[in-house]
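Below is one structure, written out as structure tokens; the observations come after it.
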Protein chains: 2
Amino acid sequence: MAHSARSRLGAGIAGSLLSLAAYAAGQSPQPARSSVSAAAPATAAPLVGFSAAAAAAELDLERRFDAQLSPAELEQWMRRLAAAPNHVGSVHDRQNAEFIAEQFRSWGWDAHIESFSVLYPTPRTVALEMTAPTHRVASLREPPISGDSTSTQVSAELPPYVIYGADGDVRGELVYVNQGMPDDYRELEREGVSVAGRIVIARYGGGWRGLKPRLAYEHGAIGCLIYSDPRDDGYGRGDPYPRGGFRPPQAVQRGSVQDITIASGDPLTPGVGATPEAPRLALADAKTILKIPVLPISYADAEPLLAALGGRVAPERWRGGLPIAYHIGPGPAAVHLTVRSDWSRKPVYDVIATLRGSEEPDRWIIRGNHHDAWAFGAMDPLSGQVALLAEAKAIGALARQGFRPRRTLVYASWDGEEPGLIGSTEWAETHAAELIQKAVLYVNSDTNGRGTLRAGGSRALMRFVSESARDVRDPETHASVLARALAASRVAAYDAGRPIEHGVQLPLGALGSGSDYTPFLQHLGIDSLDLGFHGEEEYGVYHSAYDSFDHFRRFVDPTFEYGVALAQVAGRVMLRAAQADALPVQEADFAAAVAGYDDELHKLLDQERERSRELGELAGAGDFALASDPQRPRAAPPSAGEVPFINFAPLDNAVAQLTRVAHRFDREYARALADPAAAQTIKRMNAALANAESALLDPQGLPGRPWYRHMLYAPGRDTGYGVKTLPGVREAIEDRRWEDAGRYVQRVARALETYADRLAGALGGG
Amino acid sequence: MAHSARSRLGAGIAGSLLSLAAYAAGQSPQPARSSVSAAAPATAAPLVGFSAAAAAAELDLERRFDAQLSPAELEQWMRRLAAAPNHVGSVHDRQNAEFIAEQFRSWGWDAHIESFSVLYPTPRTVALEMTAPTHRVASLREPPISGDSTSTQVSAELPPYVIYGADGDVRGELVYVNQGMPDDYRELEREGVSVAGRIVIARYGGGWRGLKPRLAYEHGAIGCLIYSDPRDDGYGRGDPYPRGGFRPPQAVQRGSVQDITIASGDPLTPGVGATPEAPRLALADAKTILKIPVLPISYADAEPLLAALGGRVAPERWRGGLPIAYHIGPGPAAVHLTVRSDWSRKPVYDVIATLRGSEEPDRWIIRGNHHDAWAFGAMDPLSGQVALLAEAKAIGALARQGFRPRRTLVYASWDGEEPGLIGSTEWAETHAAELIQKAVLYVNSDTNGRGTLRAGGSRALMRFVSESARDVRDPETHASVLARALAASRVAAYDAGRPIEHGVQLPLGALGSGSDYTPFLQHLGIDSLDLGFHGEEEYGVYHSAYDSFDHFRRFVDPTFEYGVALAQVAGRVMLRAAQADALPVQEADFAAAVAGYDDELHKLLDQERERSRELGELAGAGDFALASDPQRPRAAPPSAGEVPFINFAPLDNAVAQLTRVAHRFDREYARALADPAAAQTIKRMNAALANAESALLDPQGLPGRPWYRHMLYAPGRDTGYGVKTLPGVREAIEDRRWEDAGRYVQRVARALETYADRLAGALGGG
């Protein structure tokens with residue numbers, strides 16, 4: 001997997017916050033600023049959270065860190081790690097974990113492998129045939145591709161499948177459901193097509209893979225096929241592999257369909273680590289395992305099925321890139337789908353490496369990237385893994401030169417991310433109490449390629465992350481990584497005719513799910529960041545056997561220099577978080593982000609109300625019947641009823657309070673930091689910040705999914721990877737659970753008030 | 001062709017304008033109104049421009065008119081007219097004209113054929129071969145299709161070609177230019193690809209066909225291929241013929257590439273009728289003939305060419321529906337293109353039928369639809385032609401029952417529309433003086449199929465057209481045609497999430513070009529309407545040999561009932577315009593439309609200024625270079641310079657004056673109409689209206705195209721069919737001709753002032 005954390009350094013660090021005013025000035029839209037930030041990295045740039053002397057030492061440390069990084073080493077590690085299939089349970093997966101642990105130890109880290117025993121079904125029998133109108137057996141194989149050396153290892157791979165669907169042997173008429181998302185089922189209803197008792201075929205995209213079979217099942221389907229449409233990552237994007245980097249006809253996107261929107265991790269041990277002694281659910285009681293068989297297929301296998309569909313022509317936005325008229329069905333195409341699995345448990349091997357802090361050993365700065373893949377996984381996850389290894393090796397070398405981090409550095413190489421963030425989740429659940437106490441920041445990466453830096457996390461860390469990006473050069477343009485990212489976002493806005501943002505900081509996106517930050521952020525409430533370069537790679541082989549070393553070297557990051565750039569950015573984030581005197585946060589940025597989320601909720605409710613009113617009006621006037629083509633009737637959308645007004649006042653008041661306190665806090669903090677005699681004040685304020693964070697978790701969690709406890713961010717129940725901010729309220733509005741909406745307005749408000757009270761409590765009497 | 005007129009009944013008609021207030025109330029967004037209008041046609045509905053007694057007589061007349069209409073007759077006429085290829089110069093084209101004239105005469109009309117001799121090149125040699133990287137000869141043929149009886153007449157058809165490209169024999173590398181529109185060339189420049197000395201391949205769509213080779217030539221290309229991408233009217237829209245109604249792989253879109261944005265009609269006789277004695281330009285001096293050879297091809301012929309292109313992958317929005325990665329080139333694909341034509345003149349046969357008015361014989365209400373096609377032309381143009389014939393036959397029957405129209409009815413069946421509106425233009429130019437004096441309204445139709453009524457024309461006629469639509473029932477739902485059209489537009493807005501318009505009148509779109517109203521509206525300043533049903537046909541065989549009777553009967557209007565519905569709507573418009581006591585116009589609607597156009601110009605200039613400012617800022621900061629992928633550089637857009645402020649005050653003042661006068665005029669008019677003693681006032685006001693219209697023409701015409709004289713509407717110089725309102729100013733802003741912009745602000749203002757003064761002059765002293 002590979003997708004986007006709010007983040008805050010968590011605990012009592014004393015020091016001085018420099019250049020607040022200079023940075024703040026930079027936030028105003030002055031074009032001259034972007035020229036400044038486009039300049040080469042400053043040699044004596046201010047560092048948030050560092051005194052001048054400490055900053056000089058830090059920059060020197062970083063120069064020595066950079067000197068240790070070598071693209072050739074990243075390439076060598078990737079070649080080795082991607083040499084054979086390395087999915088959970090494979091020999092090479094264990095070998096990789098052992099190799100990684102050994103490397104850490106050789107670089108001076110205290111490293112060990114922590115293993116969990118988790119449910120990991122693997123296919124015994126997988127078959128698909130079209131039974132009508134003609135007979136045809138699907139290939140379900142990814143054949144060797146010329147020039148791709150590992151693609152010949154077909155027998156060593158697991159056959160293409162998705163994990164955590166049900167076993168089954170089903171026959172039925174086929175229905176094309178577009179991407180199989182909620183809107184698509186609403187459209188099917190208007191078209192008068194039911195999937196009940198039938199087998200759906202959905203194309204990838206539009207939301208988390210696992211939602212497709214879940215929603216199909218909820219609508220009565222008995223089986224689900226998911227295929228990669230060439231429009232989305234095949235020839236519709238560029239030349240297919242091996243001519244280009246995009247999906248060739250036989251490539252299949254494997255993946256997990258576990259319902260991670262309920263909880264991530266081993267389906268049998270929700271909320272607790274999958275240790276030998278852990279209590280385990282019976283398979284039938286595992287809520288995150290689906291109820292119908294599911295199979296992913298290539299577009300070569302999908303085309304004859306889709307071409308054989310009759311019934312209505314699919315709506316315009318449903319049409320993909322195959323050279324056919326897309327029909328919905330049902331039938332006459334019918335299929336026979338068989339999935340039988342080995343439901344045994346397999347071991348996952350997390351590698352955990354520690355470099356103990358010299359001054360605050362019980363404050364942990366954690367870095368993670370997974371090492372398991374679906375097949376060879378050069379891009380996903382090894383591109384990020386080799387950057388992480390490069391950081392660890394460089395830090396090890398610094399340590400040999402005498403460096404000791406002020407706080408403890410933890411480097412983790414997760415196993416079992418692909419099936420459902422299992423390695424990270426089981427480790428986080430096993431060590432929950434210690435992590436809640438000690439973890440300051442979790443820094444994640446996953447896939448990485450040529451392009452510009454994308455970062456997700458809390459808006460309070462915008463400045464901190466931006467400074468790290470500012471101080472690293474883009475490998476190809478030699479401009480600063482920050483300047484390139486900002487220029488790219490401005491040019492993209494210009495080209496699309498959107499308003500141009502002239503901010504000088506990297507806009508951090510709120511984190512949903514899809515990679516290993518989820519257990520840390522959304523279950524334990526630990527600030528998280530997610531980092532990666534993207535946008536200039538040619539990558540359409542996601543989760544296929546062609547995500548290989550040979551592919552990567554041609555189309556993703558041929559020189560491995562963007563791997564080094566990731567190591568430089570993530571390494572700086574880790575080292576600065578470990579070494580800083582003071583917490584490099586900006587509470588006003590955080591408050592502004594939350595105010596924005598609140599504003600969106602107001603607008604969402606107003607839109608829903610207006611939309612309902614319009615629907616009622618048009619339906620009442622008979623417009624839908626009149627407008628419908630009599631030869632192809634299309635029903636009115638179901639009436640959604642009245643949308644009430646909700647009392648947002650508690651939330652609005654909490655946001656107003658937070659905003660006031662945050663501004664005051666930032667001012668006081670800056671004043672205290674500039675005053676060498678105010679060390680005790682700083683300490684108190686930092687302690688308040690650390691303590692405040694826990695206010696944003698709610699012990700009851702979100703409706704129907706108590707594992708997700710953060711009141712500000714969650715993966716959407718109906719989006720999967722995509723984030724929902726203020727999810728308790730937002731999803732209640734979307735789903736028209738008015739009582740939940742009102743209740744969660746109160747809960748979110750309480751969380752924000754408590755947070756603001758704690759900040760306020762740390763302020764002096766003023 | 002088939003595309004959209006402002007319109008006003010032009011002269012001294014006395015009588016009373018009823019129900020103004022009731023209709024005006026209907027304009028406010030009251031949902032209950034749409035229920036009312038959805039009800040069955042009222043038996044005693046008010047008719048704008050009719051006294052109560054006259055309205056009753058008119059409605060009785062219309063009932064008798066309706067009783068004469070028979071779908072079986074439309075079918076029979078179409079079967080005959082579409083039995084053989086009927087392009088200009090074909091035997092069947094002349095036979096059709098003779099048949100139509102004879103029919104008119106048999107129905108009691110005074111009918112004759114008026115012929116012109118016009119330049120009409122036909123292909124002698126047309127050939128296309130790929131010369132690199134492999135050799136392949138294009139088929140350039142539309143083979144017979146099973147179940148399509150006329151598709152076997154391949155030898156009788158002209159081979160697929162476009163008319164008025166240059167002859168040539170050219171060889172060159174191929175470049176894919178998307179739709180070949182101005183934005184596409186801007187994109188090519190940023191991608192660093194030049195078409196100079198090369199042959200372009202453009203897909204259909206995005207603008208008038210003739211712009212593609214013209215712009216290619218202006219950018220240095222030596223030849224132009226145009227192909228029909230399956231995304232646009234092939235399997236991307238639905239099942240190809242014969243399974244469905246969309247474009248099959250071998251079907252070619254023929255058409256004209258004459259530069260009709262300069263002038264329509266015979267290229268050798270611009271501005272004058274192509275009579276035997278007319279002075280004619282030498283071929284080399286004809287401005288509307290292009291300079292490079294052009295050939296239209298099918299997607300079957302295009303696919304190997306596009307698949308052989310290398311170079312960059314085309315931008316996302318350029319990608320079509322073929323199962324390939326679209327590349328831009330240039331090369332390695334290269335082609336050899338030959339086009340040699342017979343440049344002789346051919347005759348066009350317009351059929352003109354007249355029923356002389358009993359009271360105001362010198363006021364003409366004109367109805368037109370062309371009869372020539374590219375091959376068989378069932379949909380284009382015969383679907384509209386047979387509706388026109390049905391109207392004429394029914395009116396003839398009424399005449400035999402004693403009916404005499406108050407004003408003169410002229411029914412015209414044009415020839416030579418396809419090559420460039422030639423039959424209508426030559427007739428309009430030949431009779432210009434008489435038409436300017438006598439023509440009150442021109443009512444056009446062209447293609448027609450299942451669906452809802454679409455109408456174009458002046459906003460002053462909104463109410464008039466809406467009433468005609470209100471009084472006709474949709475053949476399938478039996479609701480009023482107006483109610484269905486309004487419901488369809490509301491539901492389309494709801495489905496797209498756009499604001500819903502709750503008006504109770506058919507929103508008339510401003511007319512650009514693409515059918516026979518252009519010479520009447522934009523050259524002679526005669527109000528025009530364009531009418532047709534659309535939206536529920538399956539029609540992807542535009543301008544191919546498969547636009548046949550068999551295709552039409554299966555996919556366009558199987559029962560010919562929408563042909564009858566068109567006859568009912570257009571027949572009512574004709575009869576009411578001929579019989580009304582008073583001009584059924586609403587000057588305030590017109591003024592509101594003009595104010596809207598003016599507002600758009602303000603916004604356009606502001607947007608251009610903002611966009612230029614942003615471009616300068618980003619370019620100055622080096623953002624485009626920074627954001628560009630170093631492996632695939634993309635240049636900054638060329639600097640567009642400063643956008644000045646323009647003095648819009650003259651135009652704004654003229655619009656304000658028009659608005660004040662229009663409201664006063666409508667009030668006075670309504671008051672006078674309600675007063676039986678005010679007949680003389682009505683007469684004076686009507687005369688003012690007729691006279692006012694000419695104020696909107698400018699004798700100097702538009703910049704670079706004096707043939708287009710209307711100051712409010714023109715086909716866009718860079719859109720072709722698409723309308724530009726206030727074109728003198730709008731296009732000057734778009735093209736950054738600031739001096740022209742200022743000058744045309746003055747001219748448009750003067751035209752509107754004169755118009756408003758004339759309205760004001762007709763008012764009493766109050």
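A note on labels: chains of the structure tokens are A, B, ... as shown, every chain counts residues from 1, and ligands are counted from 1 in their shown order.
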> What residues in range 326-516 of chain A get the DSSP label strand (DSSP E)? Please answer as a PyMOL selection string.
Replying inline: chain A and resi 334-342+345-355+360-370+407-414+439-445+451-457
>> If the cut-off is 8 Å, can you tell me the residues of chain B near chain A, counting only C-alpha atoms? I'd like them as number ranges by chain.
In response: B: 31-32, 34-35, 235-240, 313, 316, 319, 321-326, 451, 476-477, 479, 483-485, 487-491, 494, 536, 614-615, 617-618, 621-624, 626-630
>> One number please: CA of Tyr755 in chain B to CA of Ala460 in chain B, in Å, one decimal.
In response: 13.7 Å
> DSSP on the backbone: what in range 221-251 of chain B comes out alpha helix (DSSP H), as a ChimeraX atom specification?
Replying inline: /B:230-233
> Could you pull the residues within 10 Å of Arg736 in chain B, counting only C-alpha atoms, minus those fewer than 6 positions along the same chain, as a ChimeraX atom specification?
Replying inline: /B:605,608,640-644,730
Mind dumping the selected residues with N, CA and C atoms as a PDB file, in the first residue's frame?
ATOM      1  N   LEU B 605     -12.651  40.145 -19.582  1.00  0.00           N
ATOM      2  CA  LEU B 605     -11.476  41.019 -19.526  1.00  0.00           C
ATOM      3  C   LEU B 605     -10.780  40.907 -18.172  1.00  0.00           C
ATOM      4  N   GLU B 608      -8.919  37.628 -18.077  1.00  0.00           N
ATOM      5  CA  GLU B 608      -7.712  37.683 -18.896  1.00  0.00           C
ATOM      6  C   GLU B 608      -6.616  38.464 -18.178  1.00  0.00           C
ATOM      7  N   ALA B 640       1.873  36.949 -22.328  1.00  0.00           N
ATOM      8  CA  ALA B 640       0.788  37.565 -23.077  1.00  0.00           C
ATOM      9  C   ALA B 640       0.742  39.068 -22.874  1.00  0.00           C
ATOM     10  N   GLY B 641       1.650  39.573 -22.099  1.00  0.00           N
ATOM     11  CA  GLY B 641       1.680  41.020 -21.878  1.00  0.00           C
ATOM     12  C   GLY B 641       0.574  41.497 -20.960  1.00  0.00           C
ATOM     13  N   GLU B 642       0.590  42.785 -20.732  1.00  0.00           N
ATOM     14  CA  GLU B 642      -0.400  43.383 -19.834  1.00  0.00           C
ATOM     15  C   GLU B 642      -1.778  43.444 -20.504  1.00  0.00           C
ATOM     16  N   VAL B 643      -2.787  43.266 -19.733  1.00  0.00           N
ATOM     17  CA  VAL B 643      -4.149  43.445 -20.240  1.00  0.00           C
ATOM     18  C   VAL B 643      -4.667  44.791 -19.737  1.00  0.00           C
ATOM     19  N   PRO B 644      -4.884  45.728 -20.645  1.00  0.00           N
ATOM     20  CA  PRO B 644      -5.283  47.069 -20.198  1.00  0.00           C
ATOM     21  C   PRO B 644      -6.722  47.086 -19.695  1.00  0.00           C
ATOM     22  N   ARG B 730     -15.800  40.843 -28.099  1.00  0.00           N
ATOM     23  CA  ARG B 730     -15.364  39.612 -27.429  1.00  0.00           C
ATOM     24  C   ARG B 730     -14.120  39.005 -28.098  1.00  0.00           C
TER      25      ARG B 730
END
> Counting only C-alpha atoms, what is within 7 Å of Asn369 in chain B, bar same-chain residues fewer than 2 positions away, as a list in words?
Replying inline: His371, Gly384, Gln385, Ala412, Ser413, Trp414, Asn444, Ser445 and Asp446 of chain B
Based on the selection just made, write C-alpha atoms of those residues as a compact mmCIF listing (two decimals), in the first residue's frame.
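This is the output file out-v7.txt:
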# COMPACT_ATOMS: atom_id res chain seq x y z
CA HIS B 371 -32.41 18.75 -48.94
CA GLY B 384 -36.12 18.08 -40.86
CA GLN B 385 -36.99 18.18 -44.55
CA ALA B 412 -37.80 26.82 -48.98
CA SER B 413 -35.99 23.54 -49.56
CA TRP B 414 -32.34 24.46 -49.86
CA ASN B 444 -34.90 26.92 -39.78
CA SER B 445 -34.63 23.25 -39.05
CA ASP B 446 -32.11 20.60 -40.06
> Which neighbours of Thr261 in chain A fall inside 9 Å, counting only C-alpha atoms, when residues of the same chain fewer than 4 positions from it are skipped, and could you give them as a list in words?
Replying inline: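 Here the qualifying residues turn out to be Thr288, Ser513, Arg705, Tyr708, Ala714, Pro715, Gly716, Arg717, Asp718, Thr719, Gly720 and Tyr721 of chain A.
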>> Quick check, in Å to one decimal: how far apart do CA of Ile297 in chain A and CA of Ala300 in chain B lie?
In response: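 Those two atoms sit 28.2 Å apart.
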> Can you tell me, as a list in words, what residues are no more than 6 Å from range 132-134 of chain B when counting only C-alpha atoms, ignoring any on the same chain fewer than 5 positions away?
Replying inline: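 In the requested format, the answer is Pro332, Ala333 and Ala334 of chain B.
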How would the residues just picked look written out with C-alpha atoms as a PDB file, in the first residue's frame?
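The file below, part-v2.pdb, is the result:
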ATOM      1  CA  PRO B 332       8.294   8.019 -36.818  1.00  0.00           C
ATOM      2  CA  ALA B 333       4.957   7.564 -38.568  1.00  0.00           C
ATOM      3  CA  ALA B 334       5.040   9.327 -41.924  1.00  0.00           C
TER       4      ALA B 334
END
